[in-house]
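Coordinates as given in upload26.json (JSON, C-alpha atoms):
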```
[["chain", "number", "residue", "atom", "x", "y", "z"],
["A", 1, "MET", "CA", -16.91, 4.90, 11.78],
["A", 2, "THR", "CA", -15.77, 1.58, 10.34],
["A", 3, "THR", "CA", -13.14, 1.38, 7.62],
["A", 4, "GLU", "CA", -15.82, 0.40, 5.11],
["A", 5, "GLN", "CA", -18.02, 3.34, 6.10],
["A", 6, "ALA", "CA", -15.04, 5.65, 5.89],
["A", 7, "SER", "CA", -14.23, 4.29, 2.45],
["A", 8, "ASP", "CA", -17.77, 4.96, 1.26],
["A", 9, "PHE", "CA", -17.67, 8.44, 2.75],
["A", 10, "GLN", "CA", -14.21, 9.36, 1.54],
["A", 11, "ASN", "CA", -14.48, 8.09, -2.00],
["A", 12, "SER", "CA", -18.14, 8.80, -2.68],
["A", 13, "ASP", "CA", -19.40, 11.09, -5.41],
["A", 14, "ARG", "CA", -19.20, 14.67, -4.17],
["A", 15, "SER", "CA", -20.19, 17.31, -6.68],
["A", 16, "ASP", "CA", -20.66, 20.36, -4.52],
["A", 17, "ASP", "CA", -17.68, 20.58, -2.21],
["A", 18, "ALA", "CA", -14.84, 21.30, -4.62],
["A", 19, "VAL", "CA", -14.76, 25.05, -4.02],
["A", 20, "GLY", "CA", -11.68, 26.08, -2.08],
["A", 21, "VAL", "CA", -10.07, 22.66, -2.12],
["A", 22, "ARG", "CA", -6.28, 23.01, -2.28],
["A", 23, "ALA", "CA", -5.03, 19.49, -1.68],
["A", 24, "ILE", "CA", -5.92, 15.79, -1.64],
["A", 25, "VAL", "CA", -4.95, 13.67, 1.38],
["A", 26, "ALA", "CA", -4.71, 9.96, 0.58],
["A", 27, "GLY", "CA", -3.80, 7.09, 2.86],
["A", 28, "HIS", "CA", -4.58, 3.86, 4.62],
["A", 29, "GLY", "CA", -7.82, 3.17, 6.46],
["A", 30, "THR", "CA", -9.30, 6.33, 7.97],
["A", 31, "PHE", "CA", -6.00, 8.24, 8.05],
["A", 32, "ALA", "CA", -7.18, 10.98, 5.69],
["A", 33, "VAL", "CA", -10.57, 11.51, 7.32],
["A", 34, "GLY", "CA", -8.95, 11.51, 10.75],
["A", 35, "VAL", "CA", -6.17, 13.95, 10.05],
["A", 36, "ILE", "CA", -8.51, 16.30, 8.15],
["A", 37, "SER", "CA", -10.95, 16.26, 11.04],
["A", 38, "ALA", "CA", -8.06, 17.30, 13.29],
["A", 39, "VAL", "CA", -7.20, 20.18, 10.93],
["A", 40, "GLN", "CA", -10.85, 21.22, 11.01],
["A", 41, "GLN", "CA", -10.99, 21.11, 14.79],
["A", 42, "ILE", "CA", -7.81, 23.15, 15.20],
["A", 43, "THR", "CA", -8.13, 25.69, 12.38],
["A", 44, "GLY", "CA", -11.61, 25.42, 10.89],
["A", 45, "ARG", "CA", -9.93, 24.91, 7.52],
["A", 46, "GLY", "CA", -10.44, 21.20, 7.03],
["A", 47, "ASN", "CA", -12.46, 21.86, 3.91],
["A", 48, "ILE", "CA", -9.36, 22.77, 1.92],
["A", 49, "PHE", "CA", -8.51, 19.05, 1.93],
["A", 50, "VAL", "CA", -10.32, 16.14, 0.31],
["A", 51, "PRO", "CA", -9.78, 12.65, 1.80],
["A", 52, "VAL", "CA", -9.15, 9.47, -0.17],
["A", 53, "THR", "CA", -8.68, 6.00, 1.29],
["A", 54, "ASN", "CA", -7.10, 2.96, -0.34],
["A", 55, "SER", "CA", -9.34, 0.56, 1.59],
["A", 56, "GLY", "CA", -10.66, -2.19, -0.64],
["A", 57, "LEU", "CA", -9.11, -0.77, -3.80],
["A", 58, "CYS", "CA", -6.56, -2.17, -6.21],
["A", 59, "LEU", "CA", -3.79, 0.08, -7.55],
["A", 60, "THR", "CA", -5.72, 1.00, -10.68],
["A", 61, "ASP", "CA", -8.80, 1.98, -8.68],
["A", 62, "ILE", "CA", -6.71, 4.05, -6.27],
["A", 63, "GLU", "CA", -5.16, 5.85, -9.23],
["A", 64, "ASN", "CA", -8.56, 6.44, -10.81],
["A", 65, "CYS", "CA", -10.03, 7.67, -7.55],
["A", 66, "ILE", "CA", -7.25, 10.17, -6.89],
["A", 67, "GLY", "CA", -7.23, 11.27, -10.52],
["A", 68, "ALA", "CA", -10.97, 11.94, -10.38],
["A", 69, "GLU", "CA", -10.53, 14.10, -7.27],
["A", 70, "LEU", "CA", -7.72, 16.06, -8.90],
["A", 71, "ASP", "CA", -9.91, 16.71, -11.94],
["A", 72, "ARG", "CA", -12.96, 17.54, -9.86],
["A", 73, "THR", "CA", -11.28, 19.93, -7.44],
["A", 74, "GLY", "CA", -8.45, 21.41, -9.47],
["A", 75, "ALA", "CA", -6.08, 20.71, -6.57],
["A", 76, "ARG", "CA", -2.48, 20.11, -7.55],
["A", 77, "VAL", "CA", -1.01, 19.13, -4.19],
["A", 78, "LEU", "CA", -1.24, 15.58, -2.85],
["A", 79, "PHE", "CA", -0.33, 14.34, 0.59],
["A", 80, "THR", "CA", 0.09, 10.62, 1.33],
["A", 81, "ASP", "CA", 0.83, 8.83, 4.58],
["A", 82, "LEU", "CA", 3.44, 6.21, 3.80],
["A", 83, "PRO", "CA", 6.33, 6.43, 1.29],
["A", 84, "ALA", "CA", 5.93, 2.74, 0.35],
["A", 85, "GLY", "CA", 2.13, 2.78, 0.53],
["A", 86, "SER", "CA", -0.19, 2.01, -2.36],
["A", 87, "CYS", "CA", -1.52, 5.57, -2.52],
["A", 88, "THR", "CA", 2.02, 6.84, -2.91],
["A", 89, "MET", "CA", 2.77, 4.28, -5.59],
["A", 90, "ALA", "CA", -0.41, 5.19, -7.44],
["A", 91, "VAL", "CA", 0.34, 8.91, -7.34],
["A", 92, "ARG", "CA", 3.94, 8.45, -8.38],
["A", 93, "ARG", "CA", 2.70, 6.57, -11.41],
["A", 94, "MET", "CA", 0.30, 9.44, -12.17],
["A", 95, "LEU", "CA", 3.11, 11.99, -12.03],
["A", 96, "ARG", "CA", 4.30, 10.76, -15.40],
["A", 97, "THR", "CA", 1.24, 12.23, -17.06],
["A", 98, "ARG", "CA", 0.40, 15.01, -14.61],
["A", 99, "GLY", "CA", 3.50, 17.15, -14.51],
["A", 100, "ASP", "CA", 1.80, 19.93, -12.54],
["A", 101, "VAL", "CA", 1.02, 17.73, -9.53],
["A", 102, "VAL", "CA", 3.24, 17.74, -6.45],
["A", 103, "LEU", "CA", 3.35, 14.80, -4.05],
["A", 104, "VAL", "CA", 4.43, 14.88, -0.41],
["A", 105, "THR", "CA", 4.76, 11.53, 1.37],
["A", 106, "GLY", "CA", 4.90, 10.88, 5.09],
["A", 107, "ALA", "CA", 2.41, 13.66, 5.79],
["A", 108, "ASN", "CA", 1.61, 14.48, 9.42],
["A", 109, "LEU", "CA", -0.74, 16.82, 11.24],
["A", 110, "PRO", "CA", 1.73, 19.69, 11.81],
["A", 111, "LEU", "CA", 2.57, 19.72, 8.11],
["A", 112, "LEU", "CA", -1.10, 19.87, 7.10],
["A", 113, "LEU", "CA", -1.85, 22.52, 9.71],
["A", 114, "ASP", "CA", 0.93, 24.74, 8.45],
["A", 115, "PHE", "CA", -0.16, 24.25, 4.84],
["A", 116, "ALA", "CA", -3.75, 25.07, 5.75],
["A", 117, "MET", "CA", -2.71, 28.32, 7.39],
["A", 118, "GLN", "CA", -0.58, 29.48, 4.44],
["A", 119, "ASP", "CA", -2.06, 31.93, 1.96],
["A", 120, "GLU", "CA", -4.12, 30.45, -0.82],
["A", 121, "GLY", "CA", -2.78, 30.90, -4.32],
["A", 122, "HIS", "CA", 0.81, 29.99, -3.58],
["A", 123, "ASP", "CA", 0.39, 26.33, -2.80],
["A", 124, "ILE", "CA", 3.80, 25.11, -3.97],
["A", 125, "ASP", "CA", 5.59, 27.85, -2.03],
["A", 126, "ALA", "CA", 3.35, 27.13, 0.93],
["A", 127, "LEU", "CA", 4.23, 23.49, 0.67],
["A", 128, "ARG", "CA", 7.95, 24.13, 0.78],
["A", 129, "ALA", "CA", 7.54, 26.23, 3.87],
["A", 130, "SER", "CA", 5.33, 23.66, 5.54],
["A", 131, "LEU", "CA", 7.63, 20.71, 4.94],
["A", 132, "GLU", "CA", 10.19, 21.88, 7.44],
["A", 133, "ARG", "CA", 7.48, 22.45, 10.03],
["A", 134, "GLY", "CA", 6.27, 18.90, 9.57],
["A", 135, "ARG", "CA", 9.75, 17.43, 9.82],
["A", 136, "ALA", "CA", 10.69, 19.50, 12.85],
["A", 137, "SER", "CA", 7.57, 18.45, 14.73],
["A", 138, "ILE", "CA", 8.78, 14.88, 15.12],
["A", 139, "MET", "CA", 10.78, 14.63, 18.29],
["A", 140, "MET", "CA", 11.30, 12.36, 21.24],
["A", 141, "HIS", "CA", 10.77, 13.35, 24.85],
["A", 142, "GLU", "CA", 12.22, 11.15, 27.57],
["A", 143, "GLN", "CA", 11.66, 11.43, 31.27],
["A", 144, "VAL", "CA", 15.03, 11.71, 32.99],
["A", 145, "ALA", "CA", 15.09, 9.25, 35.89],
["A", 146, "PRO", "CA", 15.49, 10.93, 39.27],
["A", 147, "ASN", "CA", 18.88, 10.48, 40.90],
["A", 148, "VAL", "CA", 18.22, 8.06, 43.78],
["A", 149, "ASN", "CA", 21.47, 9.06, 45.49],
["A", 150, "GLY", "CA", 20.31, 12.61, 45.99],
["A", 151, "GLY", "CA", 22.95, 13.93, 43.65],
["A", 152, "LYS", "CA", 25.85, 12.20, 45.47],
["A", 153, "SER", "CA", 27.73, 9.59, 43.56],
["B", 1, "MET", "CA", 17.14, -19.20, 4.26],
["B", 2, "PRO", "CA", 14.14, -19.96, 2.03],
["B", 3, "ILE", "CA", 11.79, -17.34, 0.73],
["B", 4, "GLU", "CA", 9.50, -16.81, 3.70],
["B", 5, "LEU", "CA", 6.36, -15.88, 1.82],
["B", 6, "TYR", "CA", 4.95, -16.49, -1.65],
["B", 7, "ARG", "CA", 2.24, -13.88, -1.94],
["B", 8, "ILE", "CA", -0.47, -12.92, -4.43],
["B", 9, "ASP", "CA", -1.12, -9.19, -4.04],
["B", 10, "ASP", "CA", -2.40, -6.95, -6.81],
["B", 11, "ARG", "CA", -0.81, -3.92, -5.14],
["B", 12, "LEU", "CA", 2.59, -5.65, -5.33],
["B", 13, "ILE", "CA", 4.98, -3.59, -3.17],
["B", 14, "HIS", "CA", 3.08, -1.51, -0.63],
["B", 15, "GLY", "CA", 2.75, -0.83, 3.09],
["B", 16, "GLN", "CA", 1.50, -4.25, 4.16],
["B", 17, "VAL", "CA", 4.43, -5.94, 2.46],
["B", 18, "VAL", "CA", 7.21, -3.55, 3.39],
["B", 19, "VAL", "CA", 6.10, -2.77, 6.95],
["B", 20, "GLY", "CA", 3.37, -5.27, 7.91],
["B", 21, "TRP", "CA", 5.29, -8.38, 6.86],
["B", 22, "GLY", "CA", 8.71, -6.85, 6.31],
["B", 23, "GLN", "CA", 9.48, -5.96, 9.90],
["B", 24, "PRO", "CA", 8.29, -9.10, 11.77],
["B", 25, "LEU", "CA", 9.91, -11.39, 9.20],
["B", 26, "SER", "CA", 13.04, -9.21, 8.95],
["B", 27, "LEU", "CA", 12.67, -9.26, 5.19],
["B", 28, "ARG", "CA", 15.74, -8.06, 3.36],
["B", 29, "PHE", "CA", 14.74, -8.69, -0.24],
["B", 30, "ILE", "CA", 11.65, -8.78, -2.43],
["B", 31, "VAL", "CA", 11.36, -10.84, -5.60],
["B", 32, "LEU", "CA", 8.74, -9.12, -7.71],
["B", 33, "VAL", "CA", 7.46, -11.44, -10.46],
["B", 34, "ASP", "CA", 5.42, -9.59, -13.03],
["B", 35, "ASP", "CA", 5.75, -9.63, -16.81],
["B", 36, "GLU", "CA", 4.83, -5.97, -17.25],
["B", 37, "VAL", "CA", 7.09, -4.66, -14.51],
["B", 38, "ALA", "CA", 9.95, -6.89, -15.64],
["B", 39, "SER", "CA", 9.87, -5.26, -19.06],
["B", 40, "SER", "CA", 9.76, -1.66, -17.84],
["B", 41, "ASP", "CA", 12.74, 0.15, -16.32],
["B", 42, "TRP", "CA", 10.44, 2.95, -15.23],
["B", 43, "GLU", "CA", 8.10, 0.60, -13.34],
["B", 44, "GLN", "CA", 11.07, -1.07, -11.69],
["B", 45, "GLU", "CA", 12.42, 2.27, -10.52],
["B", 46, "LEU", "CA", 8.98, 3.15, -9.16],
["B", 47, "TYR", "CA", 8.87, 0.04, -7.00],
["B", 48, "ARG", "CA", 12.53, 0.22, -6.03],
["B", 49, "MET", "CA", 12.02, 3.70, -4.61],
["B", 50, "GLY", "CA", 9.15, 2.38, -2.46],
["B", 51, "VAL", "CA", 11.30, 0.22, -0.21],
["B", 52, "PRO", "CA", 13.71, 1.13, 2.59],
["B", 53, "PRO", "CA", 17.42, 1.17, 1.76],
["B", 54, "GLU", "CA", 18.16, -2.06, 3.63],
["B", 55, "MET", "CA", 15.80, -4.00, 1.35],
["B", 56, "ASN", "CA", 16.72, -5.18, -2.17],
["B", 57, "VAL", "CA", 14.18, -5.66, -4.94],
["B", 58, "PHE", "CA", 14.70, -8.10, -7.80],
["B", 59, "PHE", "CA", 12.49, -8.27, -10.88],
["B", 60, "HIS", "CA", 11.58, -11.26, -13.01],
["B", 61, "SER", "CA", 9.07, -12.28, -15.62],
["B", 62, "VAL", "CA", 7.01, -15.31, -14.70],
["B", 63, "ASP", "CA", 8.90, -17.44, -17.20],
["B", 64, "ASP", "CA", 12.35, -16.74, -15.82],
["B", 65, "ALA", "CA", 11.43, -16.58, -12.12],
["B", 66, "ALA", "CA", 11.21, -20.34, -11.55],
["B", 67, "SER", "CA", 14.81, -20.95, -12.56],
["B", 68, "ALA", "CA", 15.96, -18.17, -10.25],
["B", 69, "LEU", "CA", 14.14, -19.52, -7.18],
["B", 70, "ALA", "CA", 16.94, -21.85, -6.08],
["B", 71, "GLY", "CA", 19.33, -18.93, -5.86],
["B", 72, "TYR", "CA", 16.97, -16.89, -3.75],
["B", 73, "ASN", "CA", 16.27, -19.81, -1.46],
["B", 74, "ASP", "CA", 20.03, -20.15, -0.84],
["B", 75, "ASP", "CA", 20.24, -16.52, 0.24],
["B", 76, "SER", "CA", 21.20, -16.09, 3.89],
["B", 77, "ARG", "CA", 18.61, -13.31, 4.23],
["B", 78, "ALA", "CA", 14.83, -13.58, 4.47],
["B", 79, "GLY", "CA", 12.80, -12.66, 1.41],
["B", 80, "VAL", "CA", 9.30, -12.49, -0.01],
["B", 81, "LEU", "CA", 8.12, -13.30, -3.53],
["B", 82, "LEU", "CA", 5.22, -11.28, -4.95],
["B", 83, "VAL", "CA", 2.97, -11.80, -7.94],
["B", 84, "GLY", "CA", 0.02, -9.62, -8.86],
["B", 85, "ASP", "CA", -2.52, -12.23, -9.94],
["B", 86, "VAL", "CA", -3.62, -15.84, -9.55],
["B", 87, "ASP", "CA", -2.60, -16.96, -13.02],
["B", 88, "SER", "CA", 0.98, -15.78, -12.55],
["B", 89, "MET", "CA", 1.24, -17.74, -9.31],
["B", 90, "ALA", "CA", -0.20, -20.83, -10.98],
["B", 91, "ARG", "CA", 2.39, -20.61, -13.74],
["B", 92, "LEU", "CA", 5.15, -20.14, -11.21],
["B", 93, "VAL", "CA", 4.00, -23.06, -9.05],
["B", 94, "GLU", "CA", 3.87, -25.33, -12.08],
["B", 95, "ALA", "CA", 7.34, -24.30, -13.25],
["B", 96, "SER", "CA", 8.92, -24.57, -9.81],
["B", 97, "ASN", "CA", 8.84, -28.39, -9.66],
["B", 98, "GLY", "CA", 7.48, -28.60, -6.14],
["B", 99, "ASN", "CA", 9.71, -25.92, -4.62],
["B", 100, "ILE", "CA", 6.72, -23.81, -3.60],
["B", 101, "ARG", "CA", 4.88, -25.52, -0.73],
["B", 102, "ARG", "CA", 2.50, -22.79, 0.40],
["B", 103, "ILE", "CA", 1.15, -19.55, -0.97],
["B", 104, "ASN", "CA", -0.46, -16.55, 0.65],
["B", 105, "ILE", "CA", -3.37, -14.62, -0.84],
["B", 106, "GLY", "CA", -2.65, -11.13, 0.41],
["B", 107, "GLY", "CA", -4.87, -8.90, -1.69],
["B", 108, "ILE", "CA", -7.02, -9.39, -4.78],
["B", 109, "HIS", "CA", -9.37, -6.47, -4.99],
["B", 110, "HIS", "CA", -12.71, -5.84, -6.63],
["B", 111, "ALA", "CA", -13.01, -6.08, -10.40],
["B", 112, "PRO", "CA", -15.90, -6.92, -12.73],
["B", 113, "GLY", "CA", -16.77, -10.61, -12.58],
["B", 114, "ARG", "CA", -15.26, -11.14, -9.14],
["B", 115, "THR", "CA", -17.19, -12.15, -6.02],
["B", 116, "PRO", "CA", -16.22, -10.88, -2.56],
["B", 117, "ARG", "CA", -14.69, -13.61, -0.39],
["B", 118, "LEU", "CA", -12.98, -11.52, 2.24],
["B", 119, "ARG", "CA", -12.61, -7.77, 2.74],
["B", 120, "TYR", "CA", -9.41, -7.95, 0.72],
["B", 121, "VAL", "CA", -10.11, -10.94, -1.53],
["B", 122, "PHE", "CA", -12.42, -10.91, -4.56],
["B", 123, "LEU", "CA", -12.30, -13.86, -6.95],
["B", 124, "SER", "CA", -13.73, -14.77, -10.33],
["B", 125, "PRO", "CA", -14.90, -18.34, -10.99],
["B", 126, "SER", "CA", -11.82, -18.88, -13.12],
["B", 127, "GLU", "CA", -9.51, -17.67, -10.35],
["B", 128, "GLU", "CA", -11.28, -19.92, -7.83],
["B", 129, "LYS", "CA", -10.75, -22.92, -10.07],
["B", 130, "THR", "CA", -7.09, -22.07, -10.55],
["B", 131, "LEU", "CA", -6.57, -21.78, -6.80],
["B", 132, "ARG", "CA", -8.25, -25.15, -6.26],
["B", 133, "ASP", "CA", -5.96, -26.65, -8.90],
["B", 134, "ILE", "CA", -2.92, -25.19, -7.14],
["B", 135, "GLU", "CA", -4.04, -26.73, -3.85],
["B", 136, "ARG", "CA", -4.71, -30.09, -5.50],
["B", 137, "SER", "CA", -1.11, -30.09, -6.66],
["B", 138, "GLY", "CA", -0.03, -30.20, -3.02],
["B", 139, "VAL", "CA", 0.43, -26.53, -2.24],
["B", 140, "GLU", "CA", -1.18, -25.07, 0.87],
["B", 141, "VAL", "CA", -3.26, -22.01, -0.03],
["B", 142, "THR", "CA", -4.40, -19.55, 2.62],
["B", 143, "ALA", "CA", -5.54, -15.94, 2.70],
["B", 144, "ARG", "CA", -4.04, -13.50, 5.19],
["B", 145, "ASP", "CA", -3.43, -9.81, 4.62],
["B", 146, "VAL", "CA", -1.19, -9.09, 7.61],
["B", 147, "PRO", "CA", 0.74, -11.35, 10.03],
["B", 148, "GLY", "CA", -1.58, -10.59, 12.95],
["B", 149, "ALA", "CA", -4.63, -11.84, 11.07],
["B", 150, "GLU", "CA", -5.81, -15.43, 11.09],
["B", 151, "ALA", "CA", -4.88, -17.43, 8.00],
["B", 152, "VAL", "CA", -8.05, -18.48, 6.15],
["B", 153, "PRO", "CA", -7.74, -21.87, 4.40],
["B", 154, "LEU", "CA", -8.83, -21.99, 0.77],
["B", 155, "GLU", "CA", -11.70, -24.33, 1.58],
["B", 156, "ASP", "CA", -13.12, -21.82, 4.06],
["B", 157, "LEU", "CA", -12.43, -18.93, 1.71],
["B", 158, "LEU", "CA", -14.44, -20.50, -1.09],
["B", 159, "SER", "CA", -17.25, -21.93, 1.01],
["B", 160, "PRO", "CA", -20.69, -20.41, 0.44],
["B", 161, "GLY", "CA", -21.27, -17.37, 2.57],
["B", 162, "SER", "CA", -17.61, -16.75, 3.29],
["B", 163, "ALA", "CA", -17.93, -13.11, 2.23]]
```
Using the file provided, produce a representation of the structure as structure tokens.
Amino acid sequence: MTTEQASDFQNSDRSDDAVGVRAIVAGHGTFAVGVISAVQQITGRGNIFVPVTNSGLCLTDIENCIGAELDRTGARVLFTDLPAGSCTMAVRRMLRTRGDVVLVTGANLPLLLDFAMQDEGHDIDALRASLERGRASIMMHEQVAPNVNGGKS
Amino acid sequence: MPIELYRIDDRLIHGQVVVGWGQPLSLRFIVLVDDEVASSDWEQELYRMGVPPEMNVFFHSVDDAASALAGYNDDSRAGVLLVGDVDSMARLVEASNGNIRRINIGGIHHAPGRTPRLRYVFLSPSEEKTLRDIERSGVEVTARDVPGAEAVPLEDLLSPGSA
């Protein structure tokens, strides 16, 4: 799927898939579609998220697009990919007038998986619990070089 | 060290600027020139919170930015100057007395009356004329969204069928 096709798919008019949506995922390129497809593959719960891309959109259009999805779905949780990204900036501007919306930036797959598996109806509490899971999932693994001296120094 | 990039980008501070250009150019400050943002503490805080701690953001209206350019160009660090629209850049170029030699079109997105020129550049006839005027004044004008992309000269950008 090209970025343009993803944009058309992600931000197209969808009138019949709002039931059960708990959060919007917004980001660059096909980030949202990709990470939601991963949630779907792992848990079968990808349909609790709605994707939005910023591709080809100015700040005002991003804001309008996300606002329309919030109104359409009733979701009050928003995940974005990059703290300095245009989706984040657009949502942070919206927070002035939408006091009931919660934004999480720097979203990753473990965070979304944990959120998806939390009980519906307690999304803010679920979010708090999921944040630590997302943070803790980022780690570095290094291969320790074998000791060429056979342990003798 | 002079300002490394004079950029027109209607998203102003966002990922392409902070990460895409910021890291390869080792940018340490952003000069954001926008009349609306310059008059709003809230907007300034919004943009300030979008950048990493090692990067400073300075805000100016178009009218007072030109006089501040010399100071920024004397800064030992690398910086970028951002405006959100073509007209603001034209005003800045005119007021800068030849201190701006090249500008970058980084993102002008779809709006009524604009024609697609690149995936990330849509221009109205008025904006096209203004960009041609800027180039005629001796300023190099190219479009490039990220450093790894090829810079598209204005002539190619505005040629028929460029979209």
Item to check | 12 Å contact set for region 109-116 of chain A, only C-alpha atoms, chain neighbours under 3 positions out, as a VMD selection string | outcome: chain A and resid 20 to 25 31 to 49 77 to 81 104 to 106 119 to 138
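With only C-alpha atoms as the atoms that count, the residue of A:Ala107, A:Asn147, A:Glu142, A:Val19 with the shortest distance to Thr73 (chain A) is A:Val19.
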Next on the checklist: For region 140-149 of chain B, find every residue with an atom within 6 Å (counting all atoms listed in the file), except residues of its own chain fewer than 5 positions away, and show them as a PyMOL selection string.
Outcome noted: chain B and resi 20+102-106+135+154
Using all atoms listed in the file, determine which residues of chain B fall within 8 Å of chain A; present them as an mmCIF file with C-alpha atoms, in the coordinates of the input.
```cif
data_model
loop_
_atom_site.group_PDB
_atom_site.id
_atom_site.type_symbol
_atom_site.label_atom_id
_atom_site.label_comp_id
_atom_site.auth_asym_id
_atom_site.auth_seq_id
_atom_site.Cartn_x
_atom_site.Cartn_y
_atom_site.Cartn_z
ATOM 1 C CA ASP B 10 -2.400 -6.950 -6.810
ATOM 2 C CA ARG B 11 -0.810 -3.920 -5.140
ATOM 3 C CA ILE B 13 4.980 -3.590 -3.170
ATOM 4 C CA HIS B 14 3.080 -1.510 -0.630
ATOM 5 C CA GLY B 15 2.750 -0.830 3.090
ATOM 6 C CA GLN B 16 1.500 -4.250 4.160
ATOM 7 C CA VAL B 18 7.210 -3.550 3.390
ATOM 8 C CA LEU B 46 8.980 3.150 -9.160
ATOM 9 C CA TYR B 47 8.870 0.040 -7.000
ATOM 10 C CA MET B 49 12.020 3.700 -4.610
ATOM 11 C CA GLY B 50 9.150 2.380 -2.460
ATOM 12 C CA VAL B 51 11.300 0.220 -0.210
ATOM 13 C CA ILE B 108 -7.020 -9.390 -4.780
ATOM 14 C CA HIS B 109 -9.370 -6.470 -4.990
ATOM 15 C CA HIS B 110 -12.710 -5.840 -6.630
ATOM 16 C CA ARG B 119 -12.610 -7.770 2.740
ATOM 17 C CA TYR B 120 -9.410 -7.950 0.720
#
```
Next on the checklist: I'd like the interatomic distance between CA of Gly107 (chain B) and CA of Tyr72 (chain B), to a tenth of an Å.
Outcome noted: 23.3 Å
